[in-house]
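The block underneath contains the structure these notes are about, expressed in structure tokens.
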2 protein chains.
Amino acid sequence: MSATERDAESGTRPKRADARRNQEALLEAAAAVFISSGVEAPVREIAAKAGVGTATIYRHFPTRADLIVAVYRHQVERLAEAAPELLVDSATPHAALSRWIDSFVDFVVTKQGLAAVLQSDDPCYDPLHSYFVDRLVPVCQQLLDAAVDAGEIVPGQAPYELMRAIGGLCAGGDHPGYDPRRLANLLVTGLRRSSDAPGTLPETWSRP
Amino acid sequence: MSATERDAESGTRPKRADARRNQEALLEAAAAVFISSGVEAPVREIAAKAGVGTATIYRHFPTRADLIVAVYRHQVERLAEAAPELLVDSATPHAALSRWIDSFVDFVVTKQGLAAVLQSDDPCYDPLHSYFVDRLVPVCQQLLDAAVDAGEIVPGQAPYELMRAIGGLCAGGDHPGYDPRRLANLLVTGLRRSSDAPGTLPETWSRP
DNA sequence: CACGATATGGGACGTTGTTCCGTTTTGTCA
DNA sequence: TGACAAAACGGAACAACGTCCCATATCGTG
């Protein structure tokens, strides 16, 4: 097929070979730099490691968010796919939810600076937010619904709010004695339908 | 008293009049700018609003943290002093804890960017961390102890960890539908000694 | 192999934090 | 009151960073 013709699949010209090579080099370099210096590492550092100019990075990944998404796409996908399996394998939906949250915490915590970036409302990170919301919120919703249907937790918890909160917990850093997994589970425990579920604590909820 | 002699109180020369004036102007300007542009507003902006040079701000407040502490000292003190009163006024220690947490959340949330800064481990913010820890952690400890003694919550929750977690929640931003107060209370609810308190959920706690 | 489209890279620009240094202000003492 | 030294000042200077421009090099095709 001639490259002057439009690519049958995408309706656009296929990328040039060097462009593909550079994109690959950038992904590899970014993955390495993200580990050593965090996801907010200077653009120049990533470009240098990949052996390309700074402009090249912007051409392939217009925003830093695009680069982050590209680097972690596989892991996020696995996280999303794990939910239905957990729902099958676990004793109760609540257990599945709890374990999925654990996985989510593990993922976020091991990516230096990712939690902070997830919280930022800098428009530069909008693509990252969109991706996380599109891919993970429905999955979390599914887990929440199952737990509600089983009568284990109170209904009405928005999955986006819950995940944002857990993201916030994870941004707490890895100080000794700070255990994001335990705290996230505290949150999920607080959701349980029990003698003192939220909404049935009028005194506690009155303003000071 | 001659200024050539040492100041009786502090053993140091009293500050010059213009220095005091500038310090006051800086505090006022910073308070205003923190509201309009957040606590991470550019140094130049604060200096400009105070009508001083950029170096002056560093002379009076070596780190940004010092400036933030100076601006919010009063409110933090009030927060610290509120705890014993809440303990007296509330029906139970847990209610007091919950209400104090509400106050803490309200304080943090209304200061644009403060939560994010509280999470940052940039050494520049160490003085801020130290101040918050010194002033608020013991107070939180007191509330937790009271609730433990009353048998309302499980023992062993470190106050620093709890406050850091809540700080993280508050950094979630003010998106519609994101309610830090509710989430913080979810956390405190999860602490309750109930049929499914943390530590009694072996299945939930097993790793995926 | 030549040519046009594509992609490149390094430097220019604007913004920020931080520090240096010549100048100004202040308080004191004669 | 007036001079002088210490204290404080302000703005320029520097470095680090994100972002964008444009002259140049490279690739794929005819």
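Convention: chains lettered A, B, ... in structure tokens order; per-chain residue numbering from 1; ligands numbered from 1 as shown.
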
- Item | Residues within 9 Å of Val137 of chain B, only C-alpha atoms (C1' of nucleotides), excluding chain neighbours under 5 positions, as a ChimeraX atom specification | /B:132,142,159-160,163

Writer output for current selection, N, CA and C atoms, as a PDB file, in the first residue's frame:
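Listing of again.pdb after writing:
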```pdb
ATOM      1  N   PHE B 132       2.370  22.398  62.629  1.00  0.00           N
ATOM      2  CA  PHE B 132       1.109  21.652  62.674  1.00  0.00           C
ATOM      3  C   PHE B 132       1.232  20.443  63.591  1.00  0.00           C
ATOM      4  N   GLN B 142      -5.290  13.542  72.263  1.00  0.00           N
ATOM      5  CA  GLN B 142      -6.152  13.667  73.440  1.00  0.00           C
ATOM      6  C   GLN B 142      -7.580  13.225  73.120  1.00  0.00           C
ATOM      7  N   PRO B 159      -2.432   9.593  65.827  1.00  0.00           N
ATOM      8  CA  PRO B 159      -3.082  10.862  65.446  1.00  0.00           C
ATOM      9  C   PRO B 159      -2.426  11.503  64.225  1.00  0.00           C
ATOM     10  N   TYR B 160      -1.118  11.381  64.140  1.00  0.00           N
ATOM     11  CA  TYR B 160      -0.430  11.980  62.993  1.00  0.00           C
ATOM     12  C   TYR B 160      -0.909  11.356  61.690  1.00  0.00           C
ATOM     13  N   MET B 163      -4.434  12.576  60.851  1.00  0.00           N
ATOM     14  CA  MET B 163      -4.500  13.953  60.371  1.00  0.00           C
ATOM     15  C   MET B 163      -3.893  14.086  58.981  1.00  0.00           C
TER      16      MET B 163
END
```

Within 6 Å of chain A, which residues belong to chain B? Use only C-alpha atoms and report them as a tab-separated table (two decimals) with N, CA and C atoms, in the first residue's frame.
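Output file result00.tsv follows:
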```tsv
chain	number	residue	atom	x	y	z
B	95	ALA	N	-18.11	11.97	69.48
B	95	ALA	CA	-18.78	13.13	68.89
B	95	ALA	C	-17.84	14.33	68.90
B	99	ARG	N	-16.52	16.27	65.64
B	99	ARG	CA	-16.73	17.71	65.44
B	99	ARG	C	-15.40	18.44	65.27
B	119	GLN	N	0.85	18.18	52.36
B	119	GLN	CA	1.27	16.85	51.90
B	119	GLN	C	2.67	16.84	51.33
B	161	GLU	N	-1.02	10.05	61.70
B	161	GLU	CA	-1.47	9.34	60.51
B	161	GLU	C	-2.88	9.77	60.13
B	165	ALA	N	-3.94	11.78	56.76
B	165	ALA	CA	-4.94	11.22	55.86
B	165	ALA	C	-6.03	12.24	55.57
B	168	GLY	N	-4.95	14.76	53.26
B	168	GLY	CA	-5.01	14.23	51.91
B	168	GLY	C	-6.40	14.30	51.32
B	169	LEU	N	-7.38	13.94	52.13
B	169	LEU	CA	-8.76	14.03	51.66
B	169	LEU	C	-9.11	15.46	51.25
B	172	GLY	N	-8.41	17.02	47.88
B	172	GLY	CA	-9.20	16.53	46.75
B	172	GLY	C	-9.84	17.64	45.94
B	178	TYR	N	-17.84	16.45	45.74
B	178	TYR	CA	-16.74	15.97	46.59
B	178	TYR	C	-16.87	16.66	47.94
B	186	LEU	N	-16.29	9.57	57.43
B	186	LEU	CA	-16.30	8.17	57.04
B	186	LEU	C	-15.10	7.47	57.67
B	187	LEU	N	-13.98	8.16	57.63
B	187	LEU	CA	-12.75	7.64	58.21
B	187	LEU	C	-12.92	7.42	59.71
B	189	THR	N	-15.65	7.14	61.29
B	189	THR	CA	-16.65	6.09	61.49
B	189	THR	C	-16.00	4.71	61.38
B	190	GLY	N	-15.09	4.59	60.43
B	190	GLY	CA	-14.40	3.32	60.24
B	190	GLY	C	-13.58	2.93	61.45
B	204	THR	N	-11.19	-9.81	54.29
B	204	THR	CA	-11.02	-8.52	53.61
B	204	THR	C	-9.57	-8.10	53.55
B	208	PRO	N	-4.75	-9.62	47.54
B	208	PRO	CA	-5.39	-10.19	46.34
B	208	PRO	C	-4.51	-11.27	45.73
```

Show me a table, sorted first by chain and then by increasing residue number, of the residues of chain C having an atom at most 9 Å from chain A, each with its shortest atom pair and the distance in Å to one decimal, counting only C-alpha atoms (C1' of nucleotides) and written as a tab-separated table.
```
residue	atom	partner	partner_atom	distance
C:DT6	C1'	A:Arg16	CA	7.5
C:DA7	C1'	A:Ala19	CA	6.9
C:DT8	C1'	A:Thr56	CA	6.9
C:DG9	C1'	A:Gly53	CA	4.7
C:DG10	C1'	A:Gly53	CA	7.1
```

May I have the selected residues written with C-alpha atoms (C1' of nucleotides), as an mmCIF file, in the first residue's frame?
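As written to disk, part_35.cif reads:
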```
data_model
loop_
_atom_site.group_PDB
_atom_site.id
_atom_site.type_symbol
_atom_site.label_atom_id
_atom_site.label_comp_id
_atom_site.auth_asym_id
_atom_site.auth_seq_id
_atom_site.Cartn_x
_atom_site.Cartn_y
_atom_site.Cartn_z
ATOM 1 C "C1'" DT C 6 7.512 14.867 8.008
ATOM 2 C "C1'" DA C 7 10.128 15.075 12.059
ATOM 3 C "C1'" DT C 8 13.885 16.855 14.553
ATOM 4 C "C1'" DG C 9 16.746 19.541 18.049
ATOM 5 C "C1'" DG C 10 18.488 23.195 20.276
#
```

- Query: DSSP says helix (DSSP H, G or I) for which residues of segment 107-198 of chain A? Put them as number ranges by chain?
  - Reply: A: 107-109, 114-119, 123-149, 159-170, 180-190

- Message: Could you tell me which residues of chain A sit within 12 Å of chain D when counting only C-alpha atoms (C1' of nucleotides), and give me the result as a ChimeraX atom specification?
- Response: /A:1-5,13-19,40-45,54-59,62-64,124

Let me see the file: selected residues, N, CA and C atoms, as a short mmCIF file (atom, residue, chain, number, x, y, z; two decimals), in the first residue's frame.
```
data_model
loop_
_atom_site.label_atom_id
_atom_site.label_comp_id
_atom_site.auth_asym_id
_atom_site.auth_seq_id
_atom_site.Cartn_x
_atom_site.Cartn_y
_atom_site.Cartn_z
N MET A 1 0.84 -1.21 0.00
CA MET A 1 0.00 0.00 0.00
C MET A 1 0.86 1.25 0.00
N SER A 2 0.54 2.16 -0.88
CA SER A 2 1.31 3.41 -0.93
C SER A 2 0.98 4.30 0.25
N ALA A 3 2.01 4.98 0.74
CA ALA A 3 1.80 5.83 1.90
C ALA A 3 1.14 7.15 1.49
N THR A 4 1.08 7.40 0.18
CA THR A 4 0.38 8.62 -0.22
C THR A 4 -1.11 8.44 -0.05
N GLU A 5 -1.54 7.16 -0.10
CA GLU A 5 -2.95 6.90 0.18
C GLU A 5 -3.18 6.96 1.69
N ARG A 13 -2.26 9.08 7.40
CA ARG A 13 -0.98 8.55 6.94
C ARG A 13 -0.28 7.81 8.08
N PRO A 14 0.35 6.68 7.82
CA PRO A 14 1.08 5.98 8.89
C PRO A 14 2.29 6.80 9.31
N LYS A 15 2.64 6.67 10.58
CA LYS A 15 3.77 7.45 11.10
C LYS A 15 5.08 7.01 10.46
N ARG A 16 5.98 7.92 10.41
CA ARG A 16 7.30 7.60 9.87
C ARG A 16 8.06 6.71 10.84
N ALA A 17 9.03 5.95 10.29
CA ALA A 17 9.74 4.97 11.12
C ALA A 17 10.48 5.63 12.27
N ASP A 18 11.18 6.75 11.99
CA ASP A 18 11.94 7.40 13.06
C ASP A 18 11.01 7.94 14.14
N ALA A 19 9.82 8.37 13.73
CA ALA A 19 8.86 8.87 14.71
C ALA A 19 8.45 7.76 15.66
N GLU A 40 6.76 13.85 37.93
CA GLU A 40 6.89 15.28 37.65
C GLU A 40 8.34 15.66 37.31
N ALA A 41 9.10 14.69 36.94
CA ALA A 41 10.49 14.92 36.57
C ALA A 41 10.56 15.92 35.41
N PRO A 42 11.61 16.72 35.37
CA PRO A 42 11.76 17.72 34.31
C PRO A 42 11.69 17.10 32.92
N VAL A 43 11.03 17.79 32.02
CA VAL A 43 10.90 17.33 30.65
C VAL A 43 12.27 17.10 30.02
N ARG A 44 13.19 18.00 30.30
CA ARG A 44 14.52 17.89 29.71
C ARG A 44 15.20 16.59 30.11
N GLU A 45 14.94 16.15 31.34
CA GLU A 45 15.58 14.93 31.82
C GLU A 45 15.09 13.73 31.02
N THR A 54 13.79 18.47 23.25
CA THR A 54 12.61 18.69 24.10
C THR A 54 11.33 18.82 23.28
N ALA A 55 11.48 19.37 22.09
CA ALA A 55 10.27 19.58 21.28
C ALA A 55 9.65 18.25 20.88
N THR A 56 10.49 17.25 20.68
CA THR A 56 10.01 15.95 20.24
C THR A 56 9.02 15.36 21.24
N ILE A 57 9.32 15.58 22.50
CA ILE A 57 8.46 15.03 23.53
C ILE A 57 7.07 15.64 23.45
N TYR A 58 7.03 16.96 23.12
CA TYR A 58 5.73 17.63 23.02
C TYR A 58 5.00 17.21 21.76
N ARG A 59 5.74 16.85 20.75
CA ARG A 59 5.09 16.45 19.51
C ARG A 59 4.38 15.11 19.70
N PRO A 62 1.53 15.72 23.74
CA PRO A 62 1.29 17.17 23.88
C PRO A 62 1.33 17.63 25.34
N THR A 63 0.75 16.84 26.23
CA THR A 63 0.79 17.21 27.64
C THR A 63 1.50 16.10 28.41
N ARG A 64 1.98 16.46 29.58
CA ARG A 64 2.64 15.46 30.42
C ARG A 64 1.67 14.32 30.75
N CYS A 124 -3.38 20.94 32.54
CA CYS A 124 -2.38 20.11 31.88
C CYS A 124 -2.61 18.64 32.14
#
```

- Write out as a PyMOL selection string each polymer residue whose atoms come within 10 Å of Pro155 of chain A, counting only C-alpha atoms (C1' of nucleotides); drop sequence neighbours fewer than 2 positions from it. chain A and resi 144-145+147-149+151-153+157-158+191-193

Since we have the selection now, will you write its residues out, keeping C-alpha atoms, as a PDB file, in the first residue's frame?
```
ATOM      1  CA  LEU A 144     -20.003  -0.593  44.955  1.00  0.00           C
ATOM      2  CA  ASP A 145     -23.282  -1.651  43.387  1.00  0.00           C
ATOM      3  CA  ALA A 147     -21.814  -4.498  47.769  1.00  0.00           C
ATOM      4  CA  VAL A 148     -24.959  -2.408  48.034  1.00  0.00           C
ATOM      5  CA  ASP A 149     -27.062  -5.170  46.491  1.00  0.00           C
ATOM      6  CA  GLY A 151     -26.668  -5.227  51.772  1.00  0.00           C
ATOM      7  CA  GLU A 152     -23.108  -4.795  52.979  1.00  0.00           C
ATOM      8  CA  ILE A 153     -22.670  -1.057  52.550  1.00  0.00           C
ATOM      9  CA  GLN A 157     -21.529   6.493  47.583  1.00  0.00           C
ATOM     10  CA  ALA A 158     -20.261   8.045  44.372  1.00  0.00           C
ATOM     11  CA  LEU A 191     -19.158   2.638  54.394  1.00  0.00           C
ATOM     12  CA  ARG A 192     -20.462  -0.556  55.962  1.00  0.00           C
ATOM     13  CA  ARG A 193     -24.103  -0.773  56.809  1.00  0.00           C
TER      14      ARG A 193
END
```

- Message: As an exercise, work out the distance from atom CA of Ala83 of chain B to atom CA of Val105 of chain B in Å and give it to one decimal place.
- Response: 14.0 Å

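The gap separating atom CA of Lys111 of chain B from atom CA of Val39 of chain B is 7.4 Å, in Å to one decimal.
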
- Write out as a list in words which residues come within 9 Å of Ile68 of chain B when counting only C-alpha atoms (C1' of nucleotides), dropping same-chain ones fewer than 3 positions away. Ala30, Ala31, Phe34, Val39, Arg64, Ala65, Val71, Tyr72, Arg73, Leu114 and Leu128 of chain B

Please produce a file of the residues just selected, as an mmCIF file, in the first residue's frame, where the atoms kept are N, CA and C atoms.
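Below is the file result_26.cif, written as the result:
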```
data_model
loop_
_atom_site.group_PDB
_atom_site.id
_atom_site.type_symbol
_atom_site.label_atom_id
_atom_site.label_comp_id
_atom_site.auth_asym_id
_atom_site.auth_seq_id
_atom_site.Cartn_x
_atom_site.Cartn_y
_atom_site.Cartn_z
ATOM 1 N N ALA B 30 0.045 38.957 52.382
ATOM 2 C CA ALA B 30 0.050 37.506 52.188
ATOM 3 C C ALA B 30 -1.335 36.929 52.461
ATOM 4 N N ALA B 31 -1.966 37.410 53.534
ATOM 5 C CA ALA B 31 -3.306 36.915 53.859
ATOM 6 C C ALA B 31 -4.248 37.142 52.687
ATOM 7 N N PHE B 34 -3.117 34.939 49.616
ATOM 8 C CA PHE B 34 -3.402 33.526 49.854
ATOM 9 C C PHE B 34 -4.858 33.223 49.539
ATOM 10 N N VAL B 39 -1.995 29.553 48.691
ATOM 11 C CA VAL B 39 -0.784 29.699 49.494
ATOM 12 C C VAL B 39 0.483 29.492 48.674
ATOM 13 N N ARG B 64 8.735 29.921 52.719
ATOM 14 C CA ARG B 64 7.314 30.184 52.528
ATOM 15 C C ARG B 64 6.504 29.637 53.701
ATOM 16 N N ALA B 65 6.995 28.542 54.243
ATOM 17 C CA ALA B 65 6.299 27.927 55.370
ATOM 18 C C ALA B 65 6.193 28.903 56.542
ATOM 19 N N VAL B 71 0.679 33.633 59.050
ATOM 20 C CA VAL B 71 -0.642 34.092 58.621
ATOM 21 C C VAL B 71 -1.758 33.324 59.339
ATOM 22 N N TYR B 72 -1.548 32.018 59.521
ATOM 23 C CA TYR B 72 -2.644 31.194 60.051
ATOM 24 C C TYR B 72 -2.490 30.823 61.519
ATOM 25 N N ARG B 73 -1.463 31.348 62.174
ATOM 26 C CA ARG B 73 -1.183 30.970 63.561
ATOM 27 C C ARG B 73 -2.432 31.104 64.449
ATOM 28 N N LEU B 114 -3.572 24.878 50.743
ATOM 29 C CA LEU B 114 -2.911 24.520 51.998
ATOM 30 C C LEU B 114 -2.786 23.007 52.144
ATOM 31 N N LEU B 128 6.418 24.406 58.459
ATOM 32 C CA LEU B 128 4.958 24.304 58.501
ATOM 33 C C LEU B 128 4.530 22.968 59.093
#
```
